[in-house]
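K.L.:
Next up is a structure, given as structure tokens.
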Amino acid sequence: MSTPKVSVIVPCYNEQDTVQLLLESLLEQTFPQQEMEVIIADGMSTDRTREQIANFRSAHPQSIVRIIDNPKRTIPAALNRAIDAAQGEIIVRLDAHSMPRPDYIARSVAALEAGLGDNVGGVWEIRPGGPGRLARAIAVAAAHPLGVGDARYRVGGEVVAGAVNTVPFGAFRRALVNQIGYFDEDLLTNEDYEFNVRARQAGATIWLDPAIRSVYFARANLSDLARQYWRYGYWKLRMLLRYPHTFRWRQLSGAFVLTWLVLGVLSIWFVFARWLLLAEAVIYLSALMISGLQSAFEKRDLSLILGVPLAIVVMHFSWGTAFLWSLVEYLGSKK
């Protein structure tokens, strides 16, 4: 059988710190380089991202790396522009702050050709996005069940191959795009999940293989983490309004934040609300401290005792507040 042509598509904007790592890891792939192209849809980066890519292309002329412009500067627009430019039969979506293992593409293609799934992906090995204790804590929190719920591709532990709701990144045949359409450019985040919802509705299988692994660099500081989870929460509400059946228990951060707001206001007048607010605070703080102690013990890093709970709080309240704000905006638009 002939080896299929693979197009790796990468949305990118101001990724000077990690884009070189991505390109080097793609150069180390066991999949034949002559059957692989890399298309980077750049949102007109203002840092040294394009310079880094140009340097890589000069140093490795045997690799096929192309840059296309993404003036909209959104991830779904970048993915769609890259798909239009792609020449491969198989599309592999990656991010500029990721590093696939050397067998990532080969395993992804093998799973597709074996008919295991129509969109296949693997798990993340989450690493700090920068130096320092706080960056380490954020990386641990980004893989902790209290922070991300039951997202199998993020959480550590034993992961069994099988059909799932969604996968990070993903590899799929161009025919799938022809069947269900491109990524939804009205959703500035959650575009992967929405794409996979439409795929499953069309009868496709989303397959998670834990042997397909990539490194994902978490945010390096709390402000970037807060912005990231604000986007997640805001656009998750918009997606759930379209597909309410996709709601999962881990997406209760909005309701959780709302209880704090409601009980906080009611406690001004009612004693029972103060007791409920106190009970909620005690339970939540206890869960946070357990997560910090557990992480510190497992990683043998005492700084995680406080760092992990702090990062999880930022994740919960950024996501939940954005979710509620998105709901308020939506309800206001219906008046």
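Ordered as shown in the structure tokens, chains take letters A, B, and onward, while each chain numbers its residues from 1 and ligands are numbered from 1 in the order shown.
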Write out as a count of residues only the residues lying within 12 Å of Ala322 in chain A, counting only C-alpha atoms and excluding same-chain residues fewer than 4 positions away.

P.N.:
28

K.L.:
Using only C-alpha atoms, which protein or nucleic acid residues come within 7 Å of Leu188 in chain A? Drop anything in the same chain fewer than 4 positions from it, and give the result as a CSV table (one decimal) with C-alpha atoms, in the first residue's frame.

P.N.:
```
chain,number,residue,atom,x,y,z
A,74,THR,CA,-8.6,33.3,15.3
A,75,ILE,CA,-7.9,29.6,15.6
A,76,PRO,CA,-10.8,28.3,13.6
A,235,TRP,CA,-17.4,30.1,24.3
```

K.L.:
Which of range 65-228 of chain A end up as strand (DSSP E) when DSSP is run on this backbone - answer as number ranges by chain?

P.N.:
A: 65-69, 90-93, 98-100, 119-127, 162-163, 171-173, 206-217

K.L.:
Excluding Leu277 in chain A and its own-chain neighbours fewer than 4 positions away, which residues fall within 9 Å of it when counting only C-alpha atoms? Please give them as a list of chain:residue names.

P.N.:
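My reading of the contact set: A:Thr259, A:Trp260, A:Leu263, A:Gly264, A:Ser267, A:Phe272, A:Ala273, A:Ala281, A:Val282.
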
K.L.:
For the residues in the current selection, export C-alpha atoms as an mmCIF file, in the first residue's frame.

P.N.:
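Final output, saved to part06.cif:
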```cif
data_model
loop_
_atom_site.group_PDB
_atom_site.id
_atom_site.type_symbol
_atom_site.label_atom_id
_atom_site.label_comp_id
_atom_site.auth_asym_id
_atom_site.auth_seq_id
_atom_site.Cartn_x
_atom_site.Cartn_y
_atom_site.Cartn_z
ATOM 1 C CA THR A 259 -23.748 30.032 44.189
ATOM 2 C CA TRP A 260 -20.985 32.168 45.677
ATOM 3 C CA LEU A 263 -25.147 33.245 48.810
ATOM 4 C CA GLY A 264 -22.862 36.245 49.250
ATOM 5 C CA SER A 267 -25.942 36.424 53.560
ATOM 6 C CA PHE A 272 -28.909 30.457 56.789
ATOM 7 C CA ALA A 273 -27.179 31.868 53.693
ATOM 8 C CA ALA A 281 -16.104 27.628 51.481
ATOM 9 C CA VAL A 282 -14.895 24.972 53.938
#
```

K.L.:
Would you mind listing what lies within 9 Å of range 33-48 of chain A as a ChimeraX atom specification, with only C-alpha atoms counted and same-chain residues fewer than 6 positions away left out?

P.N.:
/A:3-17,23,26-27,62-75,77-79,81-83,85-88,96

K.L.:
Please write the residues from the selection above to a file, keeping N, CA and C atoms, as a compact mmCIF listing (two decimals), in the first residue's frame.

P.N.:
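Final output, again_19.txt:
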```
# COMPACT_ATOMS: atom_id res chain seq x y z
N THR A 3 2.02 5.09 0.84
CA THR A 3 1.94 5.93 2.03
C THR A 3 1.11 7.17 1.71
N PRO A 4 0.10 7.47 2.52
CA PRO A 4 -0.74 8.63 2.23
C PRO A 4 0.02 9.94 2.49
N LYS A 5 -0.35 10.96 1.76
CA LYS A 5 0.21 12.29 1.97
C LYS A 5 -0.45 12.92 3.19
N VAL A 6 0.36 13.48 4.08
CA VAL A 6 -0.13 14.07 5.33
C VAL A 6 0.16 15.56 5.34
N SER A 7 -0.84 16.33 5.70
CA SER A 7 -0.67 17.77 5.89
C SER A 7 -0.85 18.09 7.37
N VAL A 8 0.19 18.60 7.99
CA VAL A 8 0.13 19.04 9.39
C VAL A 8 -0.27 20.51 9.38
N ILE A 9 -1.39 20.84 10.00
CA ILE A 9 -1.86 22.22 10.01
C ILE A 9 -1.69 22.78 11.42
N VAL A 10 -1.21 24.03 11.49
CA VAL A 10 -0.85 24.63 12.78
C VAL A 10 -1.35 26.07 12.84
N PRO A 11 -2.33 26.38 13.70
CA PRO A 11 -2.68 27.77 13.94
C PRO A 11 -1.61 28.41 14.82
N CYS A 12 -1.27 29.65 14.54
CA CYS A 12 -0.11 30.23 15.22
C CYS A 12 -0.28 31.74 15.35
N TYR A 13 0.11 32.27 16.51
CA TYR A 13 0.19 33.71 16.70
C TYR A 13 1.13 33.99 17.86
N ASN A 14 2.22 34.69 17.57
CA ASN A 14 3.21 35.07 18.59
C ASN A 14 3.66 33.86 19.43
N GLU A 15 4.23 32.89 18.75
CA GLU A 15 4.69 31.66 19.42
C GLU A 15 6.20 31.50 19.27
N GLN A 16 6.95 32.58 19.41
CA GLN A 16 8.39 32.53 19.20
C GLN A 16 9.10 31.60 20.18
N ASP A 17 8.52 31.37 21.36
CA ASP A 17 9.18 30.56 22.37
C ASP A 17 9.04 29.07 22.13
N LEU A 23 8.60 22.49 15.29
CA LEU A 23 9.17 22.15 13.99
C LEU A 23 10.27 21.09 14.13
N LEU A 26 8.66 17.76 14.60
CA LEU A 26 8.11 17.25 13.34
C LEU A 26 9.21 16.71 12.43
N LEU A 27 10.39 17.30 12.52
CA LEU A 27 11.52 16.82 11.73
C LEU A 27 11.96 15.43 12.21
N GLN A 62 15.07 20.30 3.38
CA GLN A 62 14.40 19.07 2.98
C GLN A 62 12.96 18.99 3.51
N SER A 63 12.68 19.74 4.56
CA SER A 63 11.34 19.72 5.12
C SER A 63 10.45 20.73 4.37
N ILE A 64 9.17 20.38 4.24
CA ILE A 64 8.23 21.25 3.54
C ILE A 64 7.43 22.01 4.58
N VAL A 65 7.80 23.25 4.82
CA VAL A 65 7.11 24.10 5.79
C VAL A 65 6.65 25.35 5.06
N ARG A 66 5.35 25.59 5.10
CA ARG A 66 4.80 26.78 4.44
C ARG A 66 4.09 27.66 5.46
N ILE A 67 4.17 28.95 5.26
CA ILE A 67 3.44 29.92 6.09
C ILE A 67 2.35 30.56 5.23
N ILE A 68 1.15 30.60 5.77
CA ILE A 68 0.08 31.35 5.12
C ILE A 68 -0.46 32.37 6.11
N ASP A 69 -1.01 33.44 5.60
CA ASP A 69 -1.52 34.50 6.47
C ASP A 69 -2.92 34.17 6.98
N ASN A 70 -3.15 34.53 8.23
CA ASN A 70 -4.47 34.42 8.83
C ASN A 70 -4.85 35.78 9.40
N PRO A 71 -5.32 36.70 8.56
CA PRO A 71 -5.61 38.06 9.02
C PRO A 71 -6.71 38.13 10.07
N LYS A 72 -7.57 37.10 10.17
CA LYS A 72 -8.63 37.12 11.18
C LYS A 72 -8.08 36.88 12.59
N ARG A 73 -6.91 36.27 12.68
CA ARG A 73 -6.25 36.02 13.97
C ARG A 73 -7.11 35.18 14.93
N THR A 74 -7.89 34.26 14.41
CA THR A 74 -8.63 33.33 15.25
C THR A 74 -8.21 31.91 14.90
N ILE A 75 -8.35 31.01 15.86
CA ILE A 75 -7.91 29.63 15.64
C ILE A 75 -8.75 28.93 14.57
N ALA A 77 -10.39 30.13 12.07
CA ALA A 77 -10.07 30.70 10.75
C ALA A 77 -8.71 30.19 10.28
N ALA A 78 -7.75 30.10 11.20
CA ALA A 78 -6.42 29.58 10.85
C ALA A 78 -6.51 28.15 10.36
N LEU A 79 -7.28 27.33 11.05
CA LEU A 79 -7.42 25.93 10.66
C LEU A 79 -8.06 25.80 9.29
N ARG A 81 -8.10 28.08 6.84
CA ARG A 81 -7.18 28.55 5.79
C ARG A 81 -6.13 27.48 5.51
N ALA A 82 -5.66 26.83 6.57
CA ALA A 82 -4.64 25.79 6.39
C ALA A 82 -5.20 24.58 5.66
N ILE A 83 -6.43 24.20 5.97
CA ILE A 83 -7.06 23.07 5.26
C ILE A 83 -7.20 23.38 3.78
N ALA A 85 -5.29 25.20 2.04
CA ALA A 85 -3.96 25.18 1.41
C ALA A 85 -3.34 23.79 1.42
N ALA A 86 -3.90 22.88 2.21
CA ALA A 86 -3.30 21.56 2.38
C ALA A 86 -3.45 20.71 1.12
N GLN A 87 -2.45 19.90 0.84
CA GLN A 87 -2.47 19.00 -0.30
C GLN A 87 -2.60 17.54 0.10
N GLY A 88 -2.59 17.28 1.40
CA GLY A 88 -2.60 15.90 1.87
C GLY A 88 -3.98 15.28 1.94
N ALA A 96 1.12 25.37 17.95
CA ALA A 96 2.50 25.85 17.97
C ALA A 96 3.14 25.74 19.34
```

K.L.:
What parts of range 15-68 of chain A does DSSP call helix (DSSP H, G or I)? I'd like the answer as a ChimeraX atom specification.

P.N.:
/A:19-27,33-35,49-59

K.L.:
For those residues, write N, CA and C atoms to a file as a compact mmCIF listing (two decimals), in the first residue's frame.

P.N.:
```
# COMPACT_ATOMS: atom_id res chain seq x y z
N VAL A 19 7.56 27.61 18.78
CA VAL A 19 7.36 27.13 17.41
C VAL A 19 8.57 26.35 16.90
N GLN A 20 9.77 26.73 17.34
CA GLN A 20 10.97 26.00 16.93
C GLN A 20 10.94 24.57 17.48
N LEU A 21 10.45 24.41 18.72
CA LEU A 21 10.36 23.08 19.32
C LEU A 21 9.39 22.20 18.54
N LEU A 22 8.29 22.79 18.11
CA LEU A 22 7.32 22.04 17.31
C LEU A 22 7.95 21.57 16.01
N LEU A 23 8.60 22.49 15.29
CA LEU A 23 9.17 22.15 13.99
C LEU A 23 10.27 21.09 14.13
N GLU A 24 11.07 21.20 15.16
CA GLU A 24 12.12 20.20 15.37
C GLU A 24 11.53 18.83 15.67
N SER A 25 10.43 18.80 16.44
CA SER A 25 9.80 17.51 16.75
C SER A 25 9.15 16.91 15.50
N LEU A 26 8.66 17.76 14.60
CA LEU A 26 8.11 17.25 13.34
C LEU A 26 9.21 16.71 12.43
N LEU A 27 10.39 17.30 12.52
CA LEU A 27 11.52 16.82 11.73
C LEU A 27 11.96 15.43 12.21
N GLN A 33 9.34 11.85 5.69
CA GLN A 33 9.31 13.31 5.54
C GLN A 33 8.83 13.72 4.15
N GLN A 34 9.14 12.92 3.14
CA GLN A 34 8.75 13.29 1.78
C GLN A 34 7.24 13.21 1.56
N GLU A 35 6.54 12.55 2.49
CA GLU A 35 5.08 12.44 2.38
C GLU A 35 4.38 13.37 3.37
N THR A 49 8.25 35.07 15.68
CA THR A 49 7.74 33.77 15.22
C THR A 49 8.13 33.49 13.77
N ARG A 50 7.87 34.42 12.89
CA ARG A 50 8.16 34.19 11.46
C ARG A 50 9.66 34.08 11.22
N GLU A 51 10.42 34.83 11.97
CA GLU A 51 11.88 34.72 11.84
C GLU A 51 12.35 33.34 12.25
N GLN A 52 11.77 32.82 13.33
CA GLN A 52 12.14 31.48 13.79
C GLN A 52 11.79 30.44 12.73
N ILE A 53 10.63 30.58 12.11
CA ILE A 53 10.22 29.63 11.07
C ILE A 53 11.15 29.73 9.86
N ALA A 54 11.49 30.95 9.48
CA ALA A 54 12.38 31.16 8.34
C ALA A 54 13.75 30.54 8.61
N ASN A 55 14.25 30.71 9.81
CA ASN A 55 15.55 30.12 10.18
C ASN A 55 15.50 28.60 10.09
N PHE A 56 14.39 28.02 10.54
CA PHE A 56 14.24 26.57 10.48
C PHE A 56 14.23 26.09 9.02
N ARG A 57 13.48 26.80 8.18
CA ARG A 57 13.41 26.41 6.78
C ARG A 57 14.78 26.49 6.10
N SER A 58 15.56 27.49 6.47
CA SER A 58 16.90 27.62 5.88
C SER A 58 17.81 26.50 6.34
N ALA A 59 17.68 26.12 7.61
CA ALA A 59 18.54 25.07 8.16
C ALA A 59 18.12 23.68 7.70
```

K.L.:
Would you compute the distance between CA of Thr166 in chain A and CA of Val120 in chain A? Give it in Å to one decimal.

P.N.:
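If I compute the distance from CA of Thr166 in chain A to CA of Val120 in chain A, I get 8.9 Å.
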
K.L.:
Could you list, as a list in words, every residue within 12 Å of Leu116 in chain A, counting only C-alpha atoms and ignoring same-chain residues fewer than 6 positions away?

P.N.:
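Here the qualifying residues turn out to be Arg107, Ser108, Val109, Ala110, Ala161, Gly162, Ala163, Val164, Ala171, Phe172, Ala204, Thr205, Ile206, Trp207, Leu208 and Asp209 of chain A.
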
K.L.:
Using the selection just defined, write its residues with C-alpha atoms as a PDB file, in the first residue's frame.

P.N.:
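File produced: result.pdb:
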```pdb
ATOM      1  CA  ARG A 107       0.490   6.144  14.919  1.00  0.00           C
ATOM      2  CA  SER A 108      -2.251   8.602  13.950  1.00  0.00           C
ATOM      3  CA  VAL A 109      -2.157   7.498  10.313  1.00  0.00           C
ATOM      4  CA  ALA A 110      -2.063   3.826  11.329  1.00  0.00           C
ATOM      5  CA  ALA A 161      -8.007   3.265  23.961  1.00  0.00           C
ATOM      6  CA  GLY A 162     -11.575   3.726  22.813  1.00  0.00           C
ATOM      7  CA  ALA A 163     -14.297   5.953  21.407  1.00  0.00           C
ATOM      8  CA  VAL A 164     -14.641   9.340  23.141  1.00  0.00           C
ATOM      9  CA  ALA A 171      -5.983  13.503  12.703  1.00  0.00           C
ATOM     10  CA  PHE A 172      -8.666  12.966  10.085  1.00  0.00           C
ATOM     11  CA  ALA A 204     -18.172   9.261  12.686  1.00  0.00           C
ATOM     12  CA  THR A 205     -16.128   7.768  15.519  1.00  0.00           C
ATOM     13  CA  ILE A 206     -13.740   9.881  17.605  1.00  0.00           C
ATOM     14  CA  TRP A 207     -10.925   7.595  18.769  1.00  0.00           C
ATOM     15  CA  LEU A 208      -8.511   8.160  21.650  1.00  0.00           C
ATOM     16  CA  ASP A 209      -5.283   6.156  21.604  1.00  0.00           C
TER      17      ASP A 209
END
```
